[in-house]
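Shown below: structure.cif, with mmCIF, C-alpha atoms and all ligand atoms; chains and numbers go by the auth columns.
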data_work
#
loop_
_atom_site.group_PDB
_atom_site.id
_atom_site.type_symbol
_atom_site.label_atom_id
_atom_site.label_comp_id
_atom_site.label_asym_id
_atom_site.label_seq_id
_atom_site.Cartn_x
_atom_site.Cartn_y
_atom_site.Cartn_z
_atom_site.B_iso_or_equiv
_atom_site.auth_seq_id
_atom_site.auth_asym_id
ATOM 1 C CA MET A 1 -4.759 14.123 14.676 0.00 1 A
ATOM 2 C CA SER A 2 -1.172 15.286 14.939 0.00 2 A
ATOM 3 C CA ASN A 3 -0.491 15.277 11.218 0.00 3 A
ATOM 4 C CA VAL A 4 -2.845 16.540 8.583 0.00 4 A
ATOM 5 C CA LEU A 5 -2.563 13.875 5.959 0.00 5 A
ATOM 6 C CA LYS A 6 -3.859 14.020 2.413 0.00 6 A
ATOM 7 C CA ILE A 7 -3.864 11.197 -0.085 0.00 7 A
ATOM 8 C CA LEU A 8 -1.865 11.874 -3.245 0.00 8 A
ATOM 9 C CA LYS A 9 -3.678 10.954 -6.442 0.00 9 A
ATOM 10 C CA PHE A 10 -2.289 9.482 -9.656 0.00 10 A
ATOM 11 C CA PRO A 11 -0.529 10.968 -11.687 0.00 11 A
ATOM 12 C CA ASP A 12 1.092 13.005 -8.868 0.00 12 A
ATOM 13 C CA PRO A 13 4.866 12.499 -9.354 0.00 13 A
ATOM 14 C CA ARG A 14 5.398 12.184 -5.586 0.00 14 A
ATOM 15 C CA LEU A 15 3.766 8.739 -5.831 0.00 15 A
ATOM 16 C CA ARG A 16 6.864 7.691 -7.813 0.00 16 A
ATOM 17 C CA LYS A 17 9.355 8.342 -5.004 0.00 17 A
ATOM 18 C CA VAL A 18 11.066 5.310 -3.510 0.00 18 A
ATOM 19 C CA ALA A 19 10.616 5.253 0.275 0.00 19 A
ATOM 20 C CA VAL A 20 13.591 4.892 2.614 0.00 20 A
ATOM 21 C CA PRO A 21 13.828 2.325 5.434 0.00 21 A
ATOM 22 C CA VAL A 22 12.580 3.286 8.882 0.00 22 A
ATOM 23 C CA GLU A 23 15.445 3.478 11.371 0.00 23 A
ATOM 24 C CA LYS A 24 13.889 5.208 14.357 0.00 24 A
ATOM 25 C CA PHE A 25 11.042 3.427 16.108 0.00 25 A
ATOM 26 C CA ASP A 26 9.855 6.424 18.067 0.00 26 A
ATOM 27 C CA LYS A 27 6.647 8.209 19.000 0.00 27 A
ATOM 28 C CA SER A 28 6.470 10.064 15.697 0.00 28 A
ATOM 29 C CA LEU A 29 6.404 6.744 13.829 0.00 29 A
ATOM 30 C CA GLN A 30 3.545 5.541 16.032 0.00 30 A
ATOM 31 C CA ASN A 31 1.702 8.834 15.485 0.00 31 A
ATOM 32 C CA LEU A 32 2.072 8.599 11.720 0.00 32 A
ATOM 33 C CA ALA A 33 0.844 4.978 11.708 0.00 33 A
ATOM 34 C CA ASP A 34 -2.158 5.964 13.861 0.00 34 A
ATOM 35 C CA ASP A 35 -3.002 8.887 11.583 0.00 35 A
ATOM 36 C CA MET A 36 -2.665 6.691 8.490 0.00 36 A
ATOM 37 C CA LEU A 37 -5.023 4.109 10.008 0.00 37 A
ATOM 38 C CA GLU A 38 -7.537 6.811 10.844 0.00 38 A
ATOM 39 C CA LEU A 39 -7.406 8.132 7.289 0.00 39 A
ATOM 40 C CA MET A 40 -7.590 4.640 5.779 0.00 40 A
ATOM 41 C CA TYR A 41 -10.743 3.853 7.789 0.00 41 A
ATOM 42 C CA LYS A 42 -12.271 7.216 6.895 0.00 42 A
ATOM 43 C CA GLU A 43 -11.673 6.570 3.192 0.00 43 A
ATOM 44 C CA ASN A 44 -12.849 2.929 3.401 0.00 44 A
ATOM 45 C CA GLY A 45 -9.528 1.570 2.203 0.00 45 A
ATOM 46 C CA ILE A 46 -8.041 -1.769 3.204 0.00 46 A
ATOM 47 C CA GLY A 47 -4.449 -0.573 2.992 0.00 47 A
ATOM 48 C CA LEU A 48 -2.403 2.610 2.892 0.00 48 A
ATOM 49 C CA ALA A 49 1.301 3.189 2.295 0.00 49 A
ATOM 50 C CA ALA A 50 3.187 6.184 3.731 0.00 50 A
ATOM 51 C CA THR A 51 4.123 7.166 0.159 0.00 51 A
ATOM 52 C CA GLN A 52 0.443 7.857 -0.527 0.00 52 A
ATOM 53 C CA VAL A 53 0.387 10.536 2.177 0.00 53 A
ATOM 54 C CA ASP A 54 3.664 12.060 1.005 0.00 54 A
ATOM 55 C CA ARG A 55 5.776 10.553 3.808 0.00 55 A
ATOM 56 C CA HIS A 56 8.512 8.615 2.068 0.00 56 A
ATOM 57 C CA ILE A 57 9.385 5.968 4.632 0.00 57 A
ATOM 58 C CA ARG A 58 8.761 2.213 4.479 0.00 58 A
ATOM 59 C CA LEU A 59 5.575 2.031 6.519 0.00 59 A
ATOM 60 C CA ILE A 60 2.218 0.541 5.575 0.00 60 A
ATOM 61 C CA VAL A 61 -1.049 -0.006 7.393 0.00 61 A
ATOM 62 C CA ILE A 62 -3.661 -2.620 6.519 0.00 62 A
ATOM 63 C CA ASP A 63 -7.003 -3.874 7.734 0.00 63 A
ATOM 64 C CA ILE A 64 -8.590 -6.585 5.607 0.00 64 A
ATOM 65 C CA SER A 65 -11.201 -7.586 8.184 0.00 65 A
ATOM 66 C CA GLU A 66 -14.871 -7.079 7.357 0.00 66 A
ATOM 67 C CA GLU A 67 -15.476 -5.692 10.834 0.00 67 A
ATOM 68 C CA ARG A 68 -12.744 -3.069 10.323 0.00 68 A
ATOM 69 C CA ASP A 69 -11.345 -3.837 13.745 0.00 69 A
ATOM 70 C CA SER A 70 -8.025 -5.550 12.963 0.00 70 A
ATOM 71 C CA PRO A 71 -5.441 -2.899 12.125 0.00 71 A
ATOM 72 C CA GLN A 72 -2.018 -4.174 11.122 0.00 72 A
ATOM 73 C CA ILE A 73 1.159 -2.120 10.855 0.00 73 A
ATOM 74 C CA PHE A 74 4.129 -3.247 8.753 0.00 74 A
ATOM 75 C CA VAL A 75 7.449 -1.414 8.977 0.00 75 A
ATOM 76 C CA ASN A 76 10.213 -2.126 6.440 0.00 76 A
ATOM 77 C CA PRO A 77 8.217 -4.956 4.815 0.00 77 A
ATOM 78 C CA SER A 78 9.776 -7.086 2.107 0.00 78 A
ATOM 79 C CA PHE A 79 8.773 -10.321 0.477 0.00 79 A
ATOM 80 C CA GLU A 80 10.257 -13.153 -1.457 0.00 80 A
ATOM 81 C CA VAL A 81 8.341 -15.149 -4.049 0.00 81 A
ATOM 82 C CA ILE A 82 8.679 -18.833 -3.160 0.00 82 A
ATOM 83 C CA SER A 83 7.211 -20.115 -6.410 0.00 83 A
ATOM 84 C CA ASP A 84 5.225 -18.509 -9.168 0.00 84 A
ATOM 85 C CA ASP A 85 3.314 -21.720 -9.892 0.00 85 A
ATOM 86 C CA SER A 86 0.453 -20.329 -7.899 0.00 86 A
ATOM 87 C CA MET A 87 -0.915 -16.944 -8.888 0.00 87 A
ATOM 88 C CA LEU A 88 -3.788 -14.919 -7.473 0.00 88 A
ATOM 89 C CA SER A 89 -6.013 -12.784 -9.662 0.00 89 A
ATOM 90 C CA PHE A 90 -7.801 -10.026 -7.827 0.00 90 A
ATOM 91 C CA GLU A 91 -9.737 -6.912 -8.738 0.00 91 A
ATOM 92 C CA GLU A 92 -7.701 -4.235 -6.996 0.00 92 A
ATOM 93 C CA GLY A 93 -8.596 -0.694 -6.083 0.00 93 A
ATOM 94 C CA CYS A 94 -6.403 2.095 -4.744 0.00 94 A
ATOM 95 C CA LEU A 95 -7.115 5.280 -2.801 0.00 95 A
ATOM 96 C CA SER A 96 -4.607 7.033 -5.089 0.00 96 A
ATOM 97 C CA VAL A 97 -6.502 5.896 -8.184 0.00 97 A
ATOM 98 C CA PRO A 98 -10.060 6.549 -6.984 0.00 98 A
ATOM 99 C CA GLY A 99 -12.964 5.108 -8.927 0.00 99 A
ATOM 100 C CA PHE A 100 -11.025 2.470 -10.839 0.00 100 A
ATOM 101 C CA ASN A 101 -10.663 -1.253 -10.258 0.00 101 A
ATOM 102 C CA GLU A 102 -8.307 -3.419 -12.246 0.00 102 A
ATOM 103 C CA GLU A 103 -7.770 -7.156 -12.367 0.00 103 A
ATOM 104 C CA ILE A 104 -4.154 -7.801 -11.377 0.00 104 A
ATOM 105 C CA VAL A 105 -2.324 -11.112 -11.155 0.00 105 A
ATOM 106 C CA ARG A 106 0.235 -11.571 -8.366 0.00 106 A
ATOM 107 C CA PRO A 107 2.174 -14.483 -6.889 0.00 107 A
ATOM 108 C CA ASP A 108 0.333 -16.257 -4.087 0.00 108 A
ATOM 109 C CA ASN A 109 3.243 -18.029 -2.514 0.00 109 A
ATOM 110 C CA ILE A 110 5.400 -15.497 -0.676 0.00 110 A
ATOM 111 C CA VAL A 111 7.408 -15.182 2.493 0.00 111 A
ATOM 112 C CA LEU A 112 6.985 -11.818 4.147 0.00 112 A
ATOM 113 C CA ARG A 113 9.420 -10.147 6.527 0.00 113 A
ATOM 114 C CA TRP A 114 8.668 -6.968 8.425 0.00 114 A
ATOM 115 C CA GLN A 115 9.176 -5.099 11.666 0.00 115 A
ATOM 116 C CA ASP A 116 6.419 -4.042 14.014 0.00 116 A
ATOM 117 C CA ILE A 117 6.005 -0.538 15.403 0.00 117 A
ATOM 118 C CA ASN A 118 8.558 -1.345 18.136 0.00 118 A
ATOM 119 C CA GLY A 119 11.165 -2.635 15.705 0.00 119 A
ATOM 120 C CA ASN A 120 10.712 -6.339 16.455 0.00 120 A
ATOM 121 C CA GLU A 121 11.247 -8.554 13.434 0.00 121 A
ATOM 122 C CA HIS A 122 8.617 -10.927 12.063 0.00 122 A
ATOM 123 C CA ILE A 123 8.357 -13.493 9.308 0.00 123 A
ATOM 124 C CA ASP A 124 5.209 -15.143 7.943 0.00 124 A
ATOM 125 C CA SER A 125 3.556 -16.569 4.839 0.00 125 A
ATOM 126 C CA PRO A 126 0.387 -14.563 4.305 0.00 126 A
ATOM 127 C CA SER A 127 -2.421 -15.921 2.163 0.00 127 A
ATOM 128 C CA GLY A 128 -5.382 -14.700 0.137 0.00 128 A
ATOM 129 C CA LEU A 129 -6.358 -11.049 0.310 0.00 129 A
ATOM 130 C CA LEU A 130 -3.527 -10.155 2.702 0.00 130 A
ATOM 131 C CA THR A 131 -0.952 -11.429 0.178 0.00 131 A
ATOM 132 C CA VAL A 132 -2.454 -9.253 -2.539 0.00 132 A
ATOM 133 C CA CYS A 133 -2.811 -6.208 -0.314 0.00 133 A
ATOM 134 C CA ILE A 134 0.704 -6.358 1.072 0.00 134 A
ATOM 135 C CA GLN A 135 2.213 -6.622 -2.428 0.00 135 A
ATOM 136 C CA HIS A 136 0.084 -3.685 -3.599 0.00 136 A
ATOM 137 C CA GLU A 137 1.279 -1.560 -0.656 0.00 137 A
ATOM 138 C CA ILE A 138 4.948 -2.550 -1.005 0.00 138 A
ATOM 139 C CA ASP A 139 4.656 -1.487 -4.647 0.00 139 A
ATOM 140 C CA HIS A 140 3.681 1.988 -3.392 0.00 140 A
ATOM 141 C CA LEU A 141 6.862 2.134 -1.281 0.00 141 A
ATOM 142 C CA ASP A 142 8.820 1.411 -4.447 0.00 142 A
ATOM 143 C CA GLY A 143 7.012 4.121 -6.412 0.00 143 A
ATOM 144 C CA LYS A 144 4.920 1.633 -8.311 0.00 144 A
ATOM 145 C CA LEU A 145 1.167 1.836 -8.867 0.00 145 A
ATOM 146 C CA MET A 146 -1.505 -0.672 -9.892 0.00 146 A
ATOM 147 C CA VAL A 147 -1.923 1.248 -13.173 0.00 147 A
ATOM 148 C CA ASP A 148 1.608 0.106 -14.107 0.00 148 A
ATOM 149 C CA TYR A 149 0.180 -3.403 -14.577 0.00 149 A
ATOM 150 C CA ILE A 150 -2.333 -2.373 -17.233 0.00 150 A
ATOM 151 C CA SER A 151 -1.917 -1.271 -20.848 0.00 151 A
ATOM 152 C CA PRO A 152 -0.441 2.199 -21.495 0.00 152 A
ATOM 153 C CA MET A 153 -3.605 3.134 -23.359 0.00 153 A
ATOM 154 C CA LYS A 154 -5.852 2.253 -20.453 0.00 154 A
ATOM 155 C CA ARG A 155 -3.459 3.968 -18.035 0.00 155 A
ATOM 156 C CA ASP A 156 -3.589 7.127 -20.089 0.00 156 A
ATOM 157 C CA ARG A 157 -7.371 7.080 -20.085 0.00 157 A
ATOM 158 C CA ILE A 158 -7.443 6.801 -16.278 0.00 158 A
ATOM 159 C CA LYS A 159 -4.890 9.613 -16.013 0.00 159 A
ATOM 160 C CA LYS A 160 -6.978 11.955 -18.132 0.00 160 A
ATOM 161 C CA LYS A 161 -10.121 11.199 -16.151 0.00 161 A
ATOM 162 C CA LEU A 162 -8.394 11.793 -12.807 0.00 162 A
ATOM 163 C CA LEU A 163 -6.784 15.036 -13.995 0.00 163 A
ATOM 164 C CA LYS A 164 -10.236 16.370 -14.841 0.00 164 A
ATOM 165 C CA LYS A 165 -11.510 15.837 -11.273 0.00 165 A
HETATM 166 NI NI NI B . -2.917 1.690 -3.475 0.00 201 A
#

Using structure tokens, write down the structure that the file contains.
Ligand code: NI
Amino acid sequence: MSNVLKILKFPDPRLRKVAVPVEKFDKSLQNLADDMLELMYKENGIGLAATQVDRHIRLIVIDISEERDSPQIFVNPSFEVISDDSMLSFEEGCLSVPGFNEEIVRPDNIVLRWQDINGNEHIDSPSGLLTVCIQHEIDHLDGKLMVDYISPMKRDRIKKKLLKK
């Protein structure tokens, strides 16, 4: 591993930084993505944003396959909600909020744009778990966490429990 990465935990203020777009598609970007994937697999996560490892660039890695053999890398991802008629409710977890799962409702009908590790542009309409996961990870890049979707009281309770760890 070229970088020693550690996952920041809520309420670490560095999780609130807004990540900047990736401009250089070089070896160091590939190395960071590889290291993030390695860490994500080690921690049994299905997604990880660079923000969570204190690298504030717009890079996320995901693997939603059961076999854990389908890594996906999204650089500079953004999405547009096509209609909010269709919403998905999913019990989400987060490596930065360990031990807690919360039911979160997100739009199902989105168009996603991103670049791959070489800078090539892509566009697609993801569905199901990938839609949820990608929105969760893009939130991280914008300094937003899943606990922002729940009541302040519940959020405070989670914060106190995590600070005690
Ligand atoms: Ni997360």

- Message: Excluding Asp139 (chain A) and its own-chain neighbours fewer than 4 positions away, which residues fall within 10 Å of it when counting only C-alpha atoms? Please give them as a count of residues only.
- Response: 11

- Query: Nearest to Val22 (chain A) among A:Asp142, A:Asp116, A:Asp148, A:Glu38, with distances taken over all atoms listed in the file: which residue is it?
  - Reply: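 Smallest separation from Val22 (chain A) among the options: A:Asp116.
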
Once you count only C-alpha atoms and all ligand atoms, which residues end up within 12 Å of ligand NI 201 (chain A), and could you hand them over as a compact mmCIF listing (two decimals) with C-alpha atoms, in the coordinates of the input?
# COMPACT_ATOMS: atom_id res chain seq x y z
CA ILE A 7 -3.86 11.20 -0.08
CA LEU A 8 -1.86 11.87 -3.24
CA LYS A 9 -3.68 10.95 -6.44
CA PHE A 10 -2.29 9.48 -9.66
CA LEU A 15 3.77 8.74 -5.83
CA MET A 40 -7.59 4.64 5.78
CA GLY A 45 -9.53 1.57 2.20
CA ILE A 46 -8.04 -1.77 3.20
CA GLY A 47 -4.45 -0.57 2.99
CA LEU A 48 -2.40 2.61 2.89
CA ALA A 49 1.30 3.19 2.30
CA ALA A 50 3.19 6.18 3.73
CA THR A 51 4.12 7.17 0.16
CA GLN A 52 0.44 7.86 -0.53
CA VAL A 53 0.39 10.54 2.18
CA ILE A 60 2.22 0.54 5.58
CA VAL A 61 -1.05 -0.01 7.39
CA ILE A 62 -3.66 -2.62 6.52
CA GLU A 92 -7.70 -4.24 -7.00
CA GLY A 93 -8.60 -0.69 -6.08
CA CYS A 94 -6.40 2.10 -4.74
CA LEU A 95 -7.12 5.28 -2.80
CA SER A 96 -4.61 7.03 -5.09
CA VAL A 97 -6.50 5.90 -8.18
CA PRO A 98 -10.06 6.55 -6.98
CA GLY A 99 -12.96 5.11 -8.93
CA PHE A 100 -11.02 2.47 -10.84
CA ASN A 101 -10.66 -1.25 -10.26
CA GLU A 102 -8.31 -3.42 -12.25
CA VAL A 132 -2.45 -9.25 -2.54
CA CYS A 133 -2.81 -6.21 -0.31
CA ILE A 134 0.70 -6.36 1.07
CA GLN A 135 2.21 -6.62 -2.43
CA HIS A 136 0.08 -3.68 -3.60
CA GLU A 137 1.28 -1.56 -0.66
CA ILE A 138 4.95 -2.55 -1.00
CA ASP A 139 4.66 -1.49 -4.65
CA HIS A 140 3.68 1.99 -3.39
CA LEU A 141 6.86 2.13 -1.28
CA ASP A 142 8.82 1.41 -4.45
CA GLY A 143 7.01 4.12 -6.41
CA LYS A 144 4.92 1.63 -8.31
CA LEU A 145 1.17 1.84 -8.87
CA MET A 146 -1.50 -0.67 -9.89
CA VAL A 147 -1.92 1.25 -13.17
CA ASP A 148 1.61 0.11 -14.11

- Task: Provide the CA of Asn76 (chain A) to CA of Leu59 (chain A) distance in Å, to one decimal place.
- Result: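 Value for the CA of Asn76 (chain A)-CA of Leu59 (chain A) distance: 6.2 Å.
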
- Item | Pairwise distance for CA of Gln72 (chain A) and CA of Pro21 (chain A), rounded to one decimal in Å | 18.0 Å

- Please indicate the distance in Å from CA of Lys159 (chain A) to CA of Met87 (chain A), rounded to one decimal place.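 If I compute the distance from CA of Lys159 (chain A) to CA of Met87 (chain A), I get 27.8 Å.
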
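Distances here use all atoms listed in the file; by that measure, the residue among A:Ile158, A:Leu5, A:Ile117, A:Leu163 closest to Lys27 (chain A) is A:Ile117.
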
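In terms of minimum interatomic distance to Leu32 (chain A), A:Val75 ranks closest within A:Val75, A:Val81, A:Lys17, A:Arg157, counting all atoms listed in the file.
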
- Nearest to Arg113 (chain A): which of A:Ile73, A:Asp35, A:Leu29, A:Ser125 is it, counting all atoms listed in the file? A:Ser125

- Query: Do you know which residues the PyMOL selection byres (((chain A and resi 107) around 9) and not hetatm) returns on this file, as a list in words?
  - Reply: Val81, Ile82, Ser83, Asp84, Asp85, Ser86, Met87, Leu88, Ser89, Val105, Arg106, Asp108, Asn109, Ile110, Thr131 and Val132 of chain A

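Those DNA, RNA and protein residues that approach the point (-6.8, -8.2, 5.0) to within 6 Å, considering only C-alpha atoms, are Asp63, Ile64, Ser65, Leu129 and Leu130 of chain A.
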